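A.B. asks: Please find entry_39.txt (compact mmCIF, C-alpha atoms) on the next line:
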# COMPACT_ATOMS: atom_id res chain seq x y z
CA ASN A 15 -1.70 24.30 12.11
CA TRP A 16 -0.18 26.22 9.24
CA LEU A 17 -1.70 29.45 10.52
CA VAL A 18 -0.25 28.85 13.99
CA PHE A 19 3.17 28.08 12.54
CA ALA A 20 3.09 31.21 10.36
CA GLY A 21 2.08 33.34 13.33
CA VAL A 22 4.85 32.01 15.55
CA ALA A 23 7.41 32.49 12.78
CA GLY A 24 6.24 36.06 12.17
CA VAL A 25 6.39 36.99 15.87
CA THR A 26 9.85 35.41 16.15
CA LEU A 27 11.15 37.43 13.20
CA LEU A 28 9.63 40.61 14.63
CA LEU A 29 11.16 40.09 18.08
CA THR A 30 14.53 39.26 16.52
CA GLY A 31 14.48 42.55 14.67
CA LEU A 32 13.40 44.52 17.74
CA ILE A 33 15.88 42.90 20.12
CA THR A 34 18.84 43.82 17.91
CA PRO A 35 17.96 47.39 16.85
CA LYS A 36 21.57 48.58 16.85
CA LEU A 37 23.02 45.62 14.97
CA ASP A 38 23.07 45.29 11.23
CA SER A 39 21.98 41.68 11.48
CA GLY A 40 19.01 39.51 12.34
CA PRO A 41 16.58 37.68 10.03
CA LEU A 42 14.11 40.57 9.90
CA ARG A 43 16.77 43.07 8.94
CA VAL A 44 18.16 40.73 6.31
CA LEU A 45 14.65 40.18 4.96
CA SER A 46 13.92 43.90 5.00
CA HIS A 47 17.18 44.68 3.22
CA SER A 48 16.48 41.99 0.62
CA LEU A 49 13.00 43.35 -0.05
CA VAL A 50 14.30 46.91 -0.42
CA GLN A 51 17.00 45.75 -2.83
CA ALA A 52 14.48 43.74 -4.83
CA TRP A 53 12.13 46.73 -4.99
CA GLN A 54 14.90 49.04 -6.16
CA SER A 55 16.11 46.67 -8.87
CA ALA A 56 12.67 45.57 -10.08
CA ILE A 57 10.54 48.68 -9.60
CA GLY A 58 12.54 51.64 -8.35
CA ASP A 59 14.66 52.25 -11.44
CA ARG A 60 11.76 51.49 -13.77
CA ILE A 61 9.51 54.19 -12.33
CA GLY A 62 11.74 56.87 -13.83
CA ILE A 63 11.78 55.07 -17.19
CA TRP A 64 7.98 54.79 -17.18
CA ALA A 65 7.58 58.48 -16.33
CA SER A 66 9.85 59.41 -19.25
CA ALA A 67 8.00 57.02 -21.57
CA LEU A 68 4.73 58.74 -20.68
CA GLN A 69 6.27 62.02 -21.86
CA ILE A 70 6.88 60.40 -25.26
CA LEU A 71 3.31 59.10 -25.31
CA LYS A 72 1.89 62.56 -24.66
CA SER A 73 3.58 63.84 -27.81
CA HIS A 74 2.64 60.81 -29.96
CA LEU A 75 -0.68 59.77 -28.46
CA TRP A 76 -2.55 58.24 -31.38
CA PHE A 77 0.01 56.87 -33.79
CA GLY A 78 3.17 56.53 -31.65
CA THR A 79 6.75 57.09 -32.72
CA GLY A 80 6.99 53.99 -34.92
CA ILE A 81 7.86 50.37 -34.16
CA GLY A 82 11.41 49.99 -32.87
CA THR A 83 12.02 53.72 -32.34
CA PHE A 84 11.61 54.02 -28.55
CA GLU A 85 15.36 54.19 -27.96
CA TYR A 86 15.69 57.16 -30.34
CA TYR A 87 13.09 59.31 -28.57
CA TYR A 88 13.90 58.30 -25.00
CA PRO A 89 17.12 60.32 -24.39
CA ALA A 90 15.31 63.63 -24.94
CA VAL A 91 12.87 62.98 -22.07
CA ARG A 92 15.01 60.98 -19.63
CA SER A 93 15.16 62.28 -16.05
CA ILE A 94 18.35 63.86 -14.71
CA SER A 95 19.06 60.93 -12.36
CA ASP A 96 18.43 58.25 -15.00
CA THR A 97 21.48 56.31 -16.23
CA ALA A 98 19.58 53.56 -18.07
CA TYR A 99 20.46 52.82 -21.67
CA GLY A 100 16.85 53.49 -22.65
CA TYR A 101 16.54 50.73 -25.25
CA MET A 102 13.24 49.48 -23.81
CA ALA A 103 10.45 50.85 -21.62
CA HIS A 104 10.53 47.73 -19.36
CA ASN A 105 6.76 47.64 -19.68
CA GLU A 106 5.40 46.10 -22.87
CA PRO A 107 1.93 47.75 -22.91
CA LEU A 108 3.58 51.12 -22.32
CA GLN A 109 6.12 50.48 -25.09
CA PHE A 110 3.31 49.39 -27.43
CA ALA A 111 1.58 52.70 -26.68
CA THR A 112 4.65 54.88 -27.24
CA GLU A 113 5.55 53.18 -30.53
CA MET A 114 2.09 52.40 -31.97
CA GLY A 115 -0.33 54.71 -30.15
CA VAL A 116 -2.86 54.19 -27.36
CA LEU A 117 -4.96 51.73 -29.37
CA ALA A 118 -2.13 49.17 -29.30
CA PRO A 119 -2.28 48.43 -25.54
CA ALA A 120 -6.09 48.51 -25.77
CA LEU A 121 -5.87 45.70 -28.35
CA PHE A 122 -3.33 43.87 -26.17
CA TYR A 123 -5.55 43.93 -23.09
CA GLY A 124 -8.59 43.10 -25.23
CA VAL A 125 -6.91 39.87 -26.34
CA VAL A 126 -5.97 39.09 -22.73
CA VAL A 127 -9.57 39.61 -21.54
CA LEU A 128 -10.97 37.45 -24.34
CA GLY A 129 -8.46 34.71 -23.48
CA ILE A 130 -9.47 34.77 -19.83
CA ALA A 131 -13.16 34.74 -20.73
CA ARG A 132 -12.71 31.75 -23.07
CA THR A 133 -10.77 29.84 -20.43
CA VAL A 134 -13.30 30.50 -17.64
CA SER A 135 -16.18 29.58 -19.94
CA VAL A 136 -14.55 26.27 -20.88
CA LEU A 137 -13.52 25.29 -17.34
CA LYS A 138 -17.08 25.80 -16.08
CA HIS A 139 -18.23 22.86 -18.20
CA ILE A 140 -15.36 20.49 -17.28
CA PRO A 141 -15.85 18.56 -14.03
CA ARG A 142 -13.21 18.70 -11.31
CA GLY A 143 -10.63 15.95 -11.49
CA ASP A 144 -10.83 15.82 -15.29
CA ASP A 145 -7.36 15.83 -16.89
CA ARG A 146 -8.58 18.31 -19.48
CA ARG A 147 -8.62 21.04 -16.83
CA LEU A 148 -4.88 20.56 -16.32
CA GLU A 149 -4.21 20.45 -20.07
CA ILE A 150 -5.87 23.86 -20.37
CA ALA A 151 -4.51 25.36 -17.14
CA ILE A 152 -0.83 24.68 -17.89
CA PRO A 153 -0.51 26.67 -21.16
CA PHE A 154 -2.93 29.30 -19.81
CA SER A 155 -0.77 29.80 -16.70
CA ALA A 156 2.37 29.99 -18.83
CA LEU A 157 0.80 32.71 -20.98
CA GLY A 158 -0.48 34.48 -17.87
CA ALA A 159 2.97 34.53 -16.29
CA LEU A 160 4.42 35.91 -19.53
CA VAL A 161 1.80 38.66 -19.71
CA LEU A 162 2.22 39.65 -16.06
CA HIS A 163 6.00 39.67 -16.27
CA SER A 164 5.84 41.79 -19.43
CA HIS A 165 4.74 44.72 -17.24
CA LEU A 166 8.27 44.81 -15.78
CA THR A 167 10.36 43.76 -18.75
CA PHE A 168 10.26 43.25 -22.53
CA ASN A 169 9.34 39.58 -23.08
CA PHE A 170 7.60 40.23 -26.38
CA HIS A 171 10.80 41.66 -27.87
CA ILE A 172 12.79 38.47 -27.18
CA LEU A 173 12.54 35.83 -29.90
CA PRO A 174 12.88 32.74 -27.61
CA CYS A 175 10.02 34.09 -25.46
CA LEU A 176 7.91 34.61 -28.57
CA PHE A 177 8.58 31.04 -29.72
CA LEU A 178 7.47 29.65 -26.35
CA ALA A 179 4.48 32.01 -26.25
CA GLY A 180 3.39 30.80 -29.68
CA LEU A 181 3.65 27.16 -28.58
CA ALA A 182 1.74 27.81 -25.35
CA PHE A 183 -0.94 29.72 -27.23
CA ALA A 184 -1.33 26.92 -29.80
CA LEU A 185 -1.68 24.30 -27.05
CA TRP A 186 -4.18 26.44 -25.12
CA HIS A 187 -6.24 27.18 -28.23
CA TYR A 188 -6.25 23.52 -29.27
CA GLN A 189 -7.27 22.20 -25.85
CA THR A 190 -9.99 24.80 -25.32
CA GLY A 191 -11.21 24.11 -28.83
CA LEU A 192 -11.57 20.40 -28.06
CA ALA A 193 -13.47 21.19 -24.87
CA ARG A 194 -15.80 23.51 -26.80
CA HIS A 195 -16.25 20.87 -29.52
CA ASP A 196 -15.17 23.34 -32.15
CA VAL A 197 -15.09 22.01 -35.69
CA PRO A 198 -11.59 22.49 -37.16
CA ARG A 199 -11.57 24.70 -40.24
CA LEU A 200 -9.52 23.43 -43.14
CA ILE A 201 -7.69 25.96 -45.30
CA ARG A 202 -7.58 24.71 -48.84
CA SER A 203 -5.23 25.97 -51.52
CA PRO A 204 -6.65 27.58 -54.68
CA ARG A 205 -7.59 25.17 -57.46
CA PHE A 206 -4.92 26.50 -59.81
CA LEU A 207 -2.10 25.69 -57.34
CA ASN A 208 -1.05 22.09 -56.92
CA LYS A 209 0.80 20.68 -53.93
CA THR A 210 4.26 21.36 -55.36
CA ALA A 211 3.39 24.99 -56.16
CA MET A 212 2.02 25.53 -52.65
CA GLU A 213 5.12 24.07 -51.03
CA SER A 214 7.35 26.24 -53.21
CA LEU A 215 5.33 29.34 -52.36
CA PHE A 216 5.56 28.50 -48.65
CA LEU A 217 9.35 28.12 -48.84
CA ILE A 218 9.67 31.43 -50.70
CA LEU A 219 7.62 33.21 -48.05
CA CYS A 220 9.67 31.64 -45.25
CA PHE A 221 12.95 32.61 -46.92
CA THR A 222 11.69 36.15 -47.49
CA MET A 223 10.64 36.57 -43.85
CA ILE A 224 13.92 35.13 -42.56
CA THR A 225 15.87 37.51 -44.82
CA LEU A 226 13.87 40.53 -43.71
CA VAL A 227 14.45 39.68 -40.05
CA ALA A 228 18.02 38.35 -40.20
CA GLY A 229 19.32 41.07 -42.55
CA PRO A 230 18.97 44.03 -40.13
CA LEU A 231 20.13 41.90 -37.18
CA TYR A 232 23.31 40.81 -38.93
CA SER A 233 23.76 44.35 -40.25
CA GLN A 234 23.99 45.59 -36.67
CA ARG A 235 26.54 42.89 -35.86
CA LEU A 236 28.64 44.00 -38.83
CA VAL A 237 28.55 47.59 -37.57
CA GLN A 238 30.01 46.45 -34.25
CA ASP A 239 32.70 44.41 -36.01
CA ALA A 240 33.53 47.34 -38.32
CA ALA A 241 34.00 49.63 -35.31
CA SER A 242 36.44 47.07 -33.91
CA ASP A 243 38.29 46.94 -37.25
CA ILE A 244 38.78 50.70 -37.36
CA ARG A 245 40.23 50.63 -33.83
CA ASN A 246 42.65 47.95 -35.00
CA SER A 247 43.55 49.95 -38.16
CA ASP A 248 42.08 47.26 -40.44
CA LEU A 249 40.73 49.62 -43.09
CA HIS A 250 40.03 46.90 -45.66
CA GLY A 251 37.90 44.85 -43.25
CA PHE A 252 36.25 48.05 -42.04
CA ALA A 253 35.18 49.07 -45.54
CA GLN A 254 33.87 45.60 -46.42
CA LYS A 255 31.76 45.31 -43.27
CA VAL A 256 30.32 48.81 -43.57
CA ASN A 257 29.27 48.25 -47.19
CA LEU A 258 27.77 44.83 -46.44
CA SER A 259 25.96 46.25 -43.40
CA ASP A 260 24.36 48.94 -45.55
CA THR A 261 23.34 46.36 -48.16
CA LEU A 262 21.77 43.91 -45.70
CA SER A 263 19.80 46.65 -43.96
CA LEU A 264 18.56 48.02 -47.32
CA GLY A 265 20.01 51.39 -46.38
CA THR A 266 18.11 51.67 -43.09
CA ASN A 267 21.01 51.26 -40.65
CA SER A 268 22.09 54.81 -39.89
CA GLN A 269 25.08 53.60 -37.88
CA SER A 270 26.72 52.21 -41.01
CA TYR A 271 26.57 55.70 -42.53
CA SER A 272 28.03 57.17 -39.35
CA LEU A 273 31.00 54.79 -39.62
CA ALA A 274 31.44 55.38 -43.35
CA VAL A 275 31.56 59.16 -43.01
CA MET A 276 34.51 58.87 -40.63
CA MET A 277 36.81 58.31 -43.60
CA PRO A 278 36.18 61.52 -45.61
CA LEU A 279 35.91 63.60 -42.43
CA GLY A 280 39.19 62.15 -41.20
CA VAL A 281 40.93 63.09 -44.43
CA LEU A 282 39.49 66.61 -44.34
CA ALA A 283 40.43 67.19 -40.70
CA GLN A 284 44.04 65.90 -40.86
CA ASP A 285 46.87 68.44 -41.22
CA ILE A 286 49.76 66.13 -42.10
CA LYS A 287 49.04 65.95 -45.80
CA PRO A 288 46.65 68.70 -46.94
CA VAL A 289 44.36 67.74 -49.83
CA THR A 290 44.03 69.70 -53.05
CA PRO A 291 41.00 71.99 -53.50
CA GLU A 292 39.51 69.56 -56.04
CA ASP A 293 39.90 66.57 -53.72
CA ARG A 294 38.58 68.63 -50.83
CA GLU A 295 35.37 69.30 -52.71
CA LYS A 296 35.02 65.61 -53.54
CA PHE A 297 35.48 64.58 -49.91
CA ILE A 298 33.03 67.24 -48.70
CA LYS A 299 30.44 66.06 -51.22
CA GLN A 300 30.99 62.43 -50.23
CA ALA A 301 30.63 63.20 -46.53
CA ASP A 302 27.56 65.36 -47.17
CA THR A 303 25.88 62.54 -49.13
CA LEU A 304 26.60 59.94 -46.47
CA ILE A 305 25.32 62.18 -43.67
CA THR A 306 22.18 63.09 -45.62
CA ASN A 307 21.37 59.43 -46.31
CA GLY A 308 22.11 58.46 -42.71
CA LEU A 309 19.85 61.17 -41.28
CA ALA A 310 17.14 60.12 -43.74
CA ALA A 311 17.34 56.63 -42.23
CA ASN A 312 17.31 57.99 -38.66
CA PRO A 313 16.88 61.75 -38.14
CA LEU A 314 17.63 61.31 -34.41
CA ASN A 315 21.11 59.77 -34.77
CA VAL A 316 23.21 62.02 -32.54
CA ASP A 317 26.53 60.72 -33.89
CA LEU A 318 25.52 61.77 -37.41
CA MET A 319 24.43 65.17 -36.09
CA ILE A 320 27.85 65.68 -34.51
CA GLN A 321 29.53 64.66 -37.76
CA ASN A 322 27.26 67.02 -39.66
CA ALA A 323 28.32 69.84 -37.34
CA THR A 324 31.97 68.93 -37.96
CA LEU A 325 31.36 69.07 -41.71
CA SER A 326 29.69 72.46 -41.40
CA GLN A 327 32.68 73.71 -39.43
CA LEU A 328 35.04 72.43 -42.14
CA LYS A 329 32.95 74.34 -44.67
CA GLY A 330 33.44 77.48 -42.57
CA ASP A 331 29.81 77.74 -41.42
CA ASP A 332 30.21 77.94 -37.63
CA LEU A 333 26.68 79.21 -37.04
CA GLU A 334 25.21 76.15 -38.78
CA ALA A 335 27.51 73.91 -36.74
CA GLN A 336 26.27 75.49 -33.51
CA SER A 337 22.65 75.09 -34.59
CA ILE A 338 23.18 71.40 -35.38
CA LEU A 339 24.89 70.77 -32.03
CA ARG A 340 22.03 72.43 -30.18
CA ARG A 341 19.59 70.08 -31.94
CA ALA A 342 21.81 67.14 -30.99
CA LEU A 343 21.72 68.23 -27.33
CA ALA A 344 17.94 68.51 -27.48
CA VAL A 345 17.75 64.91 -28.76
CA ASP A 346 20.20 63.59 -26.14
CA PRO A 347 21.13 65.93 -23.26
CA LEU A 348 23.62 63.30 -22.04
CA SER A 349 25.71 63.57 -25.21
CA ILE A 350 28.98 64.89 -23.80
CA GLU A 351 30.48 65.14 -27.30
CA SER A 352 27.66 67.47 -28.40
CA ARG A 353 27.95 69.58 -25.28
CA MET A 354 31.73 69.95 -25.47
CA GLY A 355 31.58 70.58 -29.22
CA LEU A 356 29.01 73.35 -28.78
CA ALA A 357 31.01 74.91 -25.94
CA ASP A 358 34.15 74.89 -28.11
CA GLN A 359 32.25 76.54 -30.94
CA LEU A 360 30.90 79.26 -28.66
CA ASP A 361 34.33 79.81 -27.09
CA ARG A 362 36.00 80.25 -30.49
CA SER A 363 33.35 82.78 -31.48
CA GLY A 364 34.07 84.87 -28.36
CA ARG A 365 30.94 83.84 -26.44
CA LEU A 366 32.72 82.44 -23.38
CA LYS A 367 29.83 83.07 -20.98
CA GLU A 368 27.44 81.04 -23.14
CA ALA A 369 30.04 78.27 -23.45
CA VAL A 370 30.34 78.01 -19.66
CA GLU A 371 26.54 77.93 -19.32
CA VAL A 372 26.34 75.05 -21.80
CA LEU A 373 28.98 73.10 -19.86
CA ASN A 374 27.41 73.83 -16.46
CA ALA A 375 23.99 72.67 -17.70
CA GLY A 376 25.32 69.13 -18.06
CA LEU A 377 26.75 68.81 -14.55
CA ASP A 378 23.44 67.82 -12.92
CA PHE A 379 22.97 64.73 -15.10
CA GLN A 380 24.14 61.29 -14.00
CA TYR A 381 26.23 59.51 -16.61
CA GLY A 382 26.55 55.75 -16.94
CA PRO A 383 29.86 53.84 -16.90
CA GLU A 384 29.93 53.67 -20.71
CA ARG A 385 30.50 57.46 -20.73
CA ALA A 386 33.21 57.45 -18.06
CA GLN A 387 36.08 58.47 -20.35
CA SER A 388 34.08 61.22 -22.02
CA TYR A 389 32.94 62.46 -18.62
CA MET A 390 36.51 62.76 -17.34
CA GLU A 391 37.39 64.87 -20.40
CA TYR A 392 34.21 66.88 -19.81
Hey, can you dump this file as structure tokens for me?

C.D. replies:
Amino acid sequence: NWLVFAGVAGVTLLLTGLITPKLDSGPLRVLSHSLVQAWQSAIGDRIGIWASALQILKSHLWFGTGIGTFEYYYPAVRSISDTAYGYMAHNEPLQFATEMGVLAPALFYGVVVLGIARTVSVLKHIPRGDDRRLEIAIPFSALGALVLHSHLTFNFHILPCLFLAGLAFALWHYQTGLARHDVPRLIRSPRFLNKTAMESLFLILCFTMITLVAGPLYSQRLVQDAASDIRNSDLHGFAQKVNLSDTLSLGTNSQSYSLAVMMPLGVLAQDIKPVTPEDREKFIKQADTLITNGLAANPLNVDLMIQNATLSQLKGDDLEAQSILRRALAVDPLSIESRMGLADQLDRSGRLKEAVEVLNAGLDFQYGPERAQSYMEY
């Protein structure tokens, strides 16, 4: 009966679409439009991201770019029509490969295969109708859905998903262990540590892990707040947040350096109240130190590269400024600031033809809404 009903419904939808070929209506056309839209949003845009991610993988096949660095390498290989932010690959195995090398997804799929094999082996020995089958199938299905969906998104980079995955895995492992009659293994503390010492050690480890995770996260929040303070002319709040951001990140947040260097560069670039030669040297040295430390934390920070080019220009070294801006464009071809800065440098040096070529080279790219103002100036 269900097959007959499905057949009748399918024929009805087909005839409805054929009878109204000139009308933008009808269930089949609505369904077709919905499927196309779903494909474009779920798959279409991601194909370009995956192709670009594969370019990164080719250059870092065995060891990857480093955990958490995908977004820094992505702009250099993005396609011309891509307007994605490029923070994630939208495919976890592919992101594992680009950041940790090809062995990482091999390990990932190895764990998945072993999990499936354990589940199938256990279910073979549990009779149908036994509640234990359901107790195993529920967490297994939850983990399976998470793994499948991770091929289109970044579930394993979202803490709430990881918490739920850990719970589902623990339940699955416990239930399959009961079905296999596994003997639980007890982990005993060393003889020289009593209960109080073990509890204290556990709390210290927990606090350390929370600090290591929360520090960089809050550091990034402080960077965003500091940028808001500078727009509101709150210099005191700006300075406090930038310094605290650098401290919490243990000097690894390059964006805090990029914000901090705005102050000495701003003083050097202003014409209202020229600084003395002695103060000028101090500000140049301060800016140079901040930029050097920031690029040590992240050599691919385009904002710091642009600021470094500005500093070189203030020093009178236009050739070095042009070289730095070219490197910045190689890292992120969509950086309008780098492109316009390089064109200005070439124009001032009398190389107008090269300046026009640099500007024209950026016209084929598609820029996202976050670059709208810069694009209008461009």

A.B. asks: Using only C-alpha atoms, collect all residues at a distance of at most 12 Å from (-5.7, 23.0, -27.2) as written in the file, then present them as an MDAnalysis selection string.

C.D. replies: chainID A and resid 132:133 136 146:154 181:196 198

A.B. asks: Calculated over only C-alpha atoms, which of the candidates A:Val345, A:Ile130, A:Leu282, A:Leu157 has the smallest distance to A:Thr324?

C.D. replies: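 The closest residue to A:Thr324 is A:Leu282.
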
A.B. asks: Nearest to A:Phe122: which of A:Ile172, A:Ala20, A:Leu328, A:Val161 is it, counting only C-alpha atoms?

C.D. replies: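 Of the candidates, the smallest distance to A:Phe122 is held by A:Val161.
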
A.B. asks: Measure the distance from atom CA of A:Leu178 to atom CA of A:Ser164 in Å and round it to one decimal.

C.D. replies: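 Computed distance, atom CA of A:Leu178 to atom CA of A:Ser164, equals 14.1 Å.
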
A.B. asks: Calculated over only C-alpha atoms, which of the candidates A:Ala103, A:Ser93, A:Met114, A:Asp332 has the smallest distance to A:Asp378?

C.D. replies: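 Among the listed residues, A:Ser93 lies closest to A:Asp378.
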
A.B. asks: Env of A:Gln234: 9 Å cut, atoms = all atoms listed in the file, seq-sep filter 2 positions within chain, self excluded. Answer as a PDB file with C-alpha atoms, in the coordinates of the input.

C.D. replies:
ATOM      1  CA  GLY A 229      19.320  41.070 -42.550  1.00  0.00           C
ATOM      2  CA  PRO A 230      18.970  44.030 -40.130  1.00  0.00           C
ATOM      3  CA  LEU A 231      20.130  41.900 -37.180  1.00  0.00           C
ATOM      4  CA  TYR A 232      23.310  40.810 -38.930  1.00  0.00           C
ATOM      5  CA  LEU A 236      28.640  44.000 -38.830  1.00  0.00           C
ATOM      6  CA  VAL A 237      28.550  47.590 -37.570  1.00  0.00           C
ATOM      7  CA  GLN A 238      30.010  46.450 -34.250  1.00  0.00           C
ATOM      8  CA  ASP A 239      32.700  44.410 -36.010  1.00  0.00           C
ATOM      9  CA  SER A 259      25.960  46.250 -43.400  1.00  0.00           C
ATOM     10  CA  SER A 263      19.800  46.650 -43.960  1.00  0.00           C
ATOM     11  CA  ASN A 267      21.010  51.260 -40.650  1.00  0.00           C
ATOM     12  CA  GLN A 269      25.080  53.600 -37.880  1.00  0.00           C
ATOM     13  CA  SER A 270      26.720  52.210 -41.010  1.00  0.00           C
TER      14      SER A 270
END

A.B. asks: Report, in Å with one decimal, the straight-line distance from atom CA of A:Lys299 to atom CA of A:Ser326.

C.D. replies: 11.7 Å

A.B. asks: What does the distance from atom CA of A:Leu360 to atom CA of A:Gln336 come to in Å, to one decimal?

C.D. replies: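 Result for atom CA of A:Leu360 versus atom CA of A:Gln336: 7.7 Å, one decimal.
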
A.B. asks: I'd like to know which of A:Arg294, A:His250, A:His163, A:Arg340 is closest to A:Gly280, using only C-alpha atoms.

C.D. replies: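 Going through A:Arg294, A:His250, A:His163, A:Arg340 one by one, the smallest distance to A:Gly280 is for A:Arg294.
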
A.B. asks: Neighbours of stretch 271-274 of chain A within 9 Å (all atoms listed in the file; same-chain residues fewer than 6 positions away dropped), as JSON, numbers by chain?

C.D. replies: {"A": [237, 240, 241, 252, 253, 256, 257, 260, 265, 301, 304, 305, 307, 308, 309, 315, 317, 318, 321]}
